[in-house]
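What follows is coords.txt (compact mmCIF, C-alpha atoms).
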# COMPACT_ATOMS: atom_id res chain seq x y z
CA ALA A 281 -26.03 43.25 -30.56
CA GLN A 282 -23.83 46.08 -31.75
CA LYS A 283 -25.73 49.31 -32.05
CA ILE A 284 -23.04 50.95 -34.18
CA THR A 285 -20.98 48.90 -36.58
CA GLN A 286 -17.96 50.05 -38.51
CA THR A 287 -16.83 47.11 -40.59
CA GLN A 288 -13.59 48.58 -41.95
CA PRO A 289 -10.82 48.45 -39.34
CA GLY A 290 -8.42 50.10 -41.78
CA MET A 291 -8.65 51.91 -45.11
CA PHE A 292 -6.14 53.33 -47.55
CA VAL A 293 -6.82 56.12 -50.02
CA GLN A 294 -4.65 57.98 -52.48
CA GLU A 295 -4.22 61.70 -51.88
CA LYS A 296 -6.84 63.81 -53.73
CA GLU A 297 -9.19 60.86 -54.16
CA ALA A 298 -12.53 60.40 -52.40
CA VAL A 299 -13.11 57.75 -49.75
CA THR A 300 -16.20 56.33 -48.06
CA LEU A 301 -16.15 55.10 -44.47
CA ASP A 302 -19.01 52.78 -43.61
CA CYS A 303 -21.29 52.95 -40.60
CA THR A 304 -24.45 51.00 -39.87
CA TYR A 305 -26.62 51.45 -36.82
CA ASP A 306 -29.42 49.71 -35.02
CA THR A 307 -32.17 51.47 -33.07
CA SER A 308 -35.92 51.27 -32.65
CA ASP A 309 -36.17 54.90 -31.54
CA PRO A 310 -37.61 57.07 -34.33
CA SER A 311 -35.63 60.06 -33.03
CA TYR A 312 -31.85 59.78 -33.12
CA GLY A 313 -28.74 61.59 -34.24
CA LEU A 314 -25.64 60.34 -35.95
CA PHE A 315 -22.23 61.93 -35.49
CA TRP A 316 -18.82 61.43 -37.01
CA TYR A 317 -15.64 62.26 -35.12
CA LYS A 318 -12.02 62.29 -36.22
CA GLN A 319 -9.23 61.27 -33.86
CA PRO A 320 -5.73 62.07 -35.13
CA SER A 321 -2.66 60.42 -33.66
CA SER A 322 -2.44 63.26 -31.12
CA GLY A 323 -5.56 61.82 -29.52
CA GLU A 324 -8.15 64.59 -29.45
CA MET A 325 -11.70 63.99 -30.65
CA ILE A 326 -12.77 66.37 -33.42
CA PHE A 327 -16.42 66.64 -34.43
CA LEU A 328 -16.95 66.46 -38.19
CA ILE A 329 -20.61 66.17 -39.14
CA TYR A 330 -24.11 65.48 -37.82
CA GLN A 331 -27.20 63.86 -39.35
CA GLY A 332 -30.58 63.85 -37.61
CA SER A 333 -33.07 61.06 -38.17
CA TYR A 334 -35.69 63.49 -39.44
CA ASP A 335 -33.35 65.42 -41.72
CA GLN A 336 -34.56 65.22 -45.29
CA GLN A 337 -31.22 65.95 -46.89
CA ASN A 338 -27.80 64.43 -46.46
CA ALA A 339 -25.53 66.54 -44.27
CA THR A 340 -22.48 68.25 -45.75
CA GLU A 341 -19.63 70.15 -44.11
CA GLY A 342 -16.92 71.26 -46.49
CA ARG A 343 -15.16 68.15 -47.81
CA TYR A 344 -17.25 65.89 -45.57
CA SER A 345 -20.64 64.58 -46.53
CA LEU A 346 -22.86 61.93 -45.07
CA ASN A 347 -24.57 59.34 -47.24
CA PHE A 348 -27.65 58.73 -45.06
CA GLN A 349 -29.80 55.77 -46.07
CA LYS A 350 -32.43 55.56 -43.37
CA ALA A 351 -34.17 52.39 -44.57
CA ARG A 352 -30.85 50.57 -44.64
CA LYS A 353 -29.77 52.15 -41.33
CA SER A 354 -26.51 53.33 -42.74
CA ALA A 355 -24.69 56.65 -42.36
CA ASN A 356 -21.51 56.50 -44.38
CA LEU A 357 -18.99 59.32 -44.25
CA VAL A 358 -17.62 60.51 -47.57
CA ILE A 359 -14.40 62.50 -47.61
CA SER A 360 -13.71 64.19 -50.93
CA ALA A 361 -10.27 65.21 -52.20
CA SER A 362 -8.38 63.42 -49.44
CA GLN A 363 -5.44 65.20 -47.84
CA LEU A 364 -2.48 63.81 -45.91
CA GLY A 365 -3.92 65.46 -42.80
CA ASP A 366 -7.01 63.28 -43.09
CA SER A 367 -4.99 60.29 -41.87
CA ALA A 368 -6.62 59.47 -38.55
CA MET A 369 -9.10 57.21 -36.78
CA TYR A 370 -12.72 57.96 -37.61
CA PHE A 371 -15.61 57.14 -35.29
CA CYS A 372 -19.30 56.94 -36.02
CA ALA A 373 -21.58 57.55 -33.03
CA MET A 374 -25.31 57.54 -32.36
CA ARG A 375 -27.45 59.38 -29.86
CA GLU A 376 -30.86 57.81 -29.27
CA GLY A 377 -33.76 60.01 -28.31
CA ASN A 378 -34.33 63.72 -28.63
CA ASN A 379 -31.51 65.05 -26.43
CA ASN A 380 -33.84 66.23 -23.67
CA GLN A 381 -32.24 64.03 -21.00
CA GLY A 382 -28.60 64.16 -21.92
CA GLY A 383 -27.31 63.08 -25.29
CA LYS A 384 -25.13 60.10 -24.42
CA LEU A 385 -23.37 58.63 -27.41
CA ILE A 386 -22.79 55.05 -28.51
CA PHE A 387 -19.60 54.72 -30.54
CA GLY A 388 -18.51 52.31 -33.21
CA GLN A 389 -15.10 50.68 -33.09
CA GLY A 390 -13.60 53.10 -35.55
CA THR A 391 -11.91 53.00 -38.95
CA GLU A 392 -8.26 53.94 -39.32
CA LEU A 393 -7.77 55.91 -42.52
CA SER A 394 -4.35 56.27 -44.10
CA VAL A 395 -3.87 58.74 -46.94
CA LYS A 396 -1.03 57.90 -49.33
CA PRO A 397 0.91 60.66 -51.11
CA ASN B 37 -11.42 79.55 -25.03
CA ALA B 38 -10.48 76.42 -23.03
CA GLY B 39 -13.53 74.22 -23.77
CA VAL B 40 -13.19 70.98 -21.79
CA THR B 41 -10.15 70.68 -19.53
CA GLN B 42 -9.02 67.38 -18.04
CA THR B 43 -6.39 66.85 -15.39
CA PRO B 44 -4.03 65.11 -15.17
CA LYS B 45 -2.97 64.24 -18.72
CA PHE B 46 -0.96 61.19 -17.66
CA GLN B 47 -0.92 59.07 -14.52
CA VAL B 48 0.60 55.81 -13.39
CA LEU B 49 -0.97 54.04 -10.42
CA LYS B 50 -0.32 50.86 -8.54
CA THR B 51 -3.07 48.29 -8.14
CA GLY B 52 -5.30 49.24 -5.22
CA GLN B 53 -4.50 52.95 -5.23
CA SER B 54 -7.27 55.49 -5.57
CA MET B 55 -7.43 58.47 -7.84
CA THR B 56 -9.78 61.21 -9.01
CA LEU B 57 -9.79 62.48 -12.58
CA GLN B 58 -10.92 66.06 -12.87
CA CYS B 59 -12.93 67.63 -15.67
CA ALA B 60 -14.17 71.18 -16.11
CA GLN B 61 -15.98 72.90 -18.97
CA ASP B 62 -16.46 76.61 -19.59
CA MET B 63 -19.20 76.40 -22.24
CA ASN B 64 -22.16 76.50 -19.83
CA HIS B 65 -23.19 73.02 -20.95
CA ASN B 66 -25.85 71.12 -19.05
CA SER B 67 -24.62 67.59 -19.72
CA MET B 68 -21.27 66.00 -19.00
CA TYR B 69 -19.88 62.53 -19.69
CA TRP B 70 -17.00 60.21 -18.90
CA TYR B 71 -15.82 57.68 -21.50
CA ARG B 72 -12.99 55.23 -21.65
CA GLN B 73 -11.18 54.25 -24.82
CA ASP B 74 -9.46 50.90 -25.15
CA PRO B 75 -7.64 49.65 -28.26
CA GLY B 76 -10.04 48.32 -30.87
CA MET B 77 -13.15 49.10 -28.82
CA GLY B 78 -14.04 52.71 -29.55
CA LEU B 79 -15.28 54.87 -26.67
CA ARG B 80 -17.53 53.43 -24.01
CA LEU B 81 -19.63 55.48 -21.63
CA ILE B 82 -18.79 55.08 -17.94
CA TYR B 83 -21.10 57.63 -16.31
CA TYR B 84 -22.92 60.73 -17.37
CA SER B 85 -24.67 63.69 -15.83
CA ALA B 86 -27.62 64.97 -17.85
CA SER B 87 -27.85 68.09 -15.70
CA GLU B 88 -26.40 69.53 -12.52
CA GLY B 89 -27.44 67.38 -9.58
CA THR B 90 -28.00 64.16 -11.53
CA THR B 91 -25.71 61.29 -12.45
CA ASP B 92 -26.43 57.99 -14.20
CA LYS B 93 -24.55 54.84 -15.08
CA GLY B 94 -23.40 54.21 -18.58
CA GLU B 95 -22.26 51.01 -20.24
CA VAL B 96 -19.22 50.24 -18.03
CA PRO B 97 -19.70 51.82 -14.57
CA ASN B 98 -18.21 49.09 -12.36
CA GLY B 99 -15.20 50.25 -10.36
CA TYR B 100 -15.95 53.94 -10.81
CA ASN B 101 -17.81 56.72 -9.04
CA VAL B 102 -18.60 60.23 -10.20
CA SER B 103 -19.47 63.59 -8.71
CA ARG B 104 -21.12 66.49 -10.49
CA LEU B 105 -19.64 69.15 -8.27
CA ASN B 106 -21.39 72.05 -10.00
CA LYS B 107 -22.43 72.91 -13.54
CA ARG B 108 -18.81 73.24 -14.66
CA GLU B 109 -17.14 70.27 -13.01
CA PHE B 110 -17.59 66.50 -13.25
CA SER B 111 -15.05 64.22 -11.59
CA LEU B 112 -14.40 60.50 -11.99
CA ARG B 113 -13.02 58.46 -9.09
CA LEU B 114 -11.31 55.09 -9.08
CA GLU B 115 -11.55 53.83 -5.49
CA SER B 116 -9.27 50.81 -5.87
CA ALA B 117 -7.52 50.79 -9.22
CA ALA B 118 -7.17 47.55 -11.16
CA PRO B 119 -5.01 46.77 -14.22
CA SER B 120 -8.22 46.35 -16.25
CA GLN B 121 -8.83 50.06 -15.77
CA THR B 122 -5.72 50.96 -17.75
CA SER B 123 -7.17 53.10 -20.51
CA VAL B 124 -7.51 56.56 -21.97
CA TYR B 125 -10.28 58.49 -20.25
CA PHE B 126 -12.20 61.23 -22.00
CA CYS B 127 -14.51 63.78 -20.48
CA ALA B 128 -17.08 65.46 -22.70
CA SER B 129 -19.85 68.02 -22.41
CA SER B 130 -22.84 69.06 -24.45
CA VAL B 131 -25.86 71.31 -24.36
CA ALA B 132 -29.11 69.47 -23.60
CA GLY B 133 -32.53 70.04 -25.12
CA HIS B 134 -34.44 69.10 -28.22
CA PHE B 135 -33.59 72.34 -30.00
CA TYR B 136 -29.91 71.56 -29.64
CA SER B 137 -30.08 68.05 -31.03
CA ASN B 138 -27.55 68.85 -33.73
CA GLN B 139 -24.96 70.09 -31.24
CA PRO B 140 -22.06 67.69 -30.72
CA GLN B 141 -20.33 66.62 -27.59
CA HIS B 142 -17.09 68.50 -26.98
CA PHE B 143 -14.23 66.40 -25.69
CA GLY B 144 -11.26 67.07 -23.49
CA ASP B 145 -7.81 65.92 -24.56
CA GLY B 146 -7.94 62.76 -22.47
CA THR B 147 -6.13 61.27 -19.51
CA ARG B 148 -3.80 58.36 -20.16
CA LEU B 149 -3.98 56.13 -17.09
CA SER B 150 -1.76 53.11 -16.51
CA ILE B 151 -2.31 50.77 -13.58
CA LEU B 152 0.51 48.42 -12.71
Serialized structure, C-alpha cells:
Amino acid sequence: AQKITQTQPGMFVQEKEAVTLDCTYDTSDPSYGLFWYKQPSSGEMIFLIYQGSYDQQNATEGRYSLNFQKARKSANLVISASQLGDSAMYFCAMREGNNNQGGKLIFGQGTELSVKP
Amino acid sequence: NAGVTQTPKFQVLKTGQSMTLQCAQDMNHNSMYWYRQDPGMGLRLIYYSASEGTTDKGEVPNGYNVSRLNKREFSLRLESAAPSQTSVYFCASSVAGHFYSNQPQHFGDGTRLSIL
C-alpha cells in the first residue's frame, strides 16, 4: 500500500489565487514528520515546509501553509497568492520515527503545478 | 556554502559498464542518502547511511552498492549497469537526532544517468 499518496498529477491555478495540493499518508508510528519539497524544471529539490505529528498548530512559512488533519491522515499544502515562479513539481514526503536513526523519507508521486498569468 | 555536491552531473554508460557516483556534504550532517527519481514515481530510496560507519538498504537497493567513506562522503556504485538503472540520482544529507526532527534533508543537484 502507498504510504504517501498525491492524487493530483497536475494542477492549474491563476496567478495571485490560492491553491491546495493534496497529500494523504499512512503510518502506524505515532511519531512522524511530513515535508513538502518543490522541484522546478531545473531539477533541484527545495524544502518548503515541515509538520511534526505532535505539532499542535498547522505549519506556516511565508506564502506556504500546511493544512494538517491528523485524524484524516492528510497534510495538504496551501500556496497563497500564486506566482509564476511557483510553477513546478511538488512532492510530499514522510519520515517515520523520531529521527534518531536517520530520517529516511518516503515520497509521494508528486503534483505538477502550473500557474497561469 | 556548497551544501551537497554530486559528481558527475551527467553520464552515459553502456550496459555492463561500472560507475561510481560521488557525493560530498559540508554541513557536518550525520546522515546521508541516495535516491533515484523516475518519471511519475517520485523519489525512491536506494541506500542510506544513518551515521558514519553504517549503511542500510532502502526501497530499491538491487544493483547498487554504497560506501560511507567518511562523515562527508557517500558514494553509490553501479557494478554492472543495466538500462533499467537509467534515472536521475539524488544524494541528500540531514542532521540526525530527535531534537532535529524538524530539519529537512538537503539535496544535491542530481546526476542524470543514461544507460544504453
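For the atom pair formed by CA of Gly290 (chain A) and CA of Gly390 (chain A), the distance is 8.6 Å, given to one decimal.
Within 8 Å of chain B, counting all atoms listed in the file, chain A contributes Gly313, Phe315, Gly323, Glu324, Met325, Ile326, Phe327, Tyr330, Gln331, Gly332, Phe371, Asn378, Asn379, Asn380, Gln381, Gly382, Gly383, Lys384, Leu385, Ile386, Phe387, Gly388, Gln389 and Gly390 of chain A.
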For the atom pair CA of Gln47 (chain B) and CA of Leu393 (chain A), what is the interatomic distance in Å to one decimal place?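 Separation between CA of Gln47 (chain B) and CA of Leu393 (chain A): 29.0 Å.
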One residue among A:Glu392, A:Asn356, A:Lys350, A:Gln288 is nearest to Tyr312 (chain A) when using all atoms listed in the file, and that residue is A:Lys350
Taking 2 positions as the minimum chain separation for residues in the same chain, which residues sit within 9 Å of Cys59 (chain B) when counting only C-alpha atoms? Answer as an MDAnalysis selection string. chainID B and resid 40:43 57 61 108:112 127:128 144
If you count all atoms listed in the file, which residues fall within 9 Å of Arg148 (chain B), apart from same-chain ones fewer than 3 positions away, as a PyMOL selection string? chain B and resi 44-48+122-125
To one decimal in Å, tell me the separation between CA of Tyr370 (chain A) and CA of Asp92 (chain B).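 Going from CA of Tyr370 (chain A) over to CA of Asp92 (chain B), I get 27.1 Å.
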Might you pull out every residue within 8 Å of Lys296 (chain A), with only C-alpha atoms counted and same-chain residues fewer than 6 positions away left off, and present them as a list in words?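 Non-adjacent residues within range: Ser360, Ala361, Ser362 and Gln363 of chain A.
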Residues within 10 Å of Ser354 (chain A), please, as a PDB file with C-alpha atoms, keeping the file's coordinate frame. Count all atoms listed in the file; anything in the same chain fewer than 6 positions from it doesn't count.
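Final output, saved to selection.pdb:
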ATOM      1  CA  ILE A 284     -23.040  50.950 -34.180  1.00  0.00           C
ATOM      2  CA  THR A 285     -20.980  48.900 -36.580  1.00  0.00           C
ATOM      3  CA  ASP A 302     -19.010  52.780 -43.610  1.00  0.00           C
ATOM      4  CA  CYS A 303     -21.290  52.950 -40.600  1.00  0.00           C
ATOM      5  CA  THR A 304     -24.450  51.000 -39.870  1.00  0.00           C
ATOM      6  CA  TYR A 305     -26.620  51.450 -36.820  1.00  0.00           C
ATOM      7  CA  ASP A 306     -29.420  49.710 -35.020  1.00  0.00           C
ATOM      8  CA  LEU A 314     -25.640  60.340 -35.950  1.00  0.00           C
ATOM      9  CA  LEU A 346     -22.860  61.930 -45.070  1.00  0.00           C
ATOM     10  CA  ASN A 347     -24.570  59.340 -47.240  1.00  0.00           C
ATOM     11  CA  PHE A 348     -27.650  58.730 -45.060  1.00  0.00           C
TER      12      PHE A 348
END
All residues 9 Å or closer to Val395 (chain A), only C-alpha atoms, same chain fewer than 3 positions away omitted, as a ChimeraX atom specification: /A:291-296,362-368
Choose the residue, out of B:Gln121, B:Asn64, B:Thr56, B:Thr51, that has the smallest atom-to-atom separation from Gly99 (chain B); count all atoms listed in the file. B:Gln121
I'd like to know which of B:Gly39, B:Leu105, B:Lys50, B:Met55 is closest to Leu152 (chain B), using all atoms listed in the file. B:Lys50
Restricting the calculation to all atoms listed in the file, which member of A:Thr391, A:Leu328, A:Thr340, A:Ala298 is positioned closest to Met369 (chain A)?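 Residue with the minimum atom-to-atom distance to Met369 (chain A): A:Thr391.
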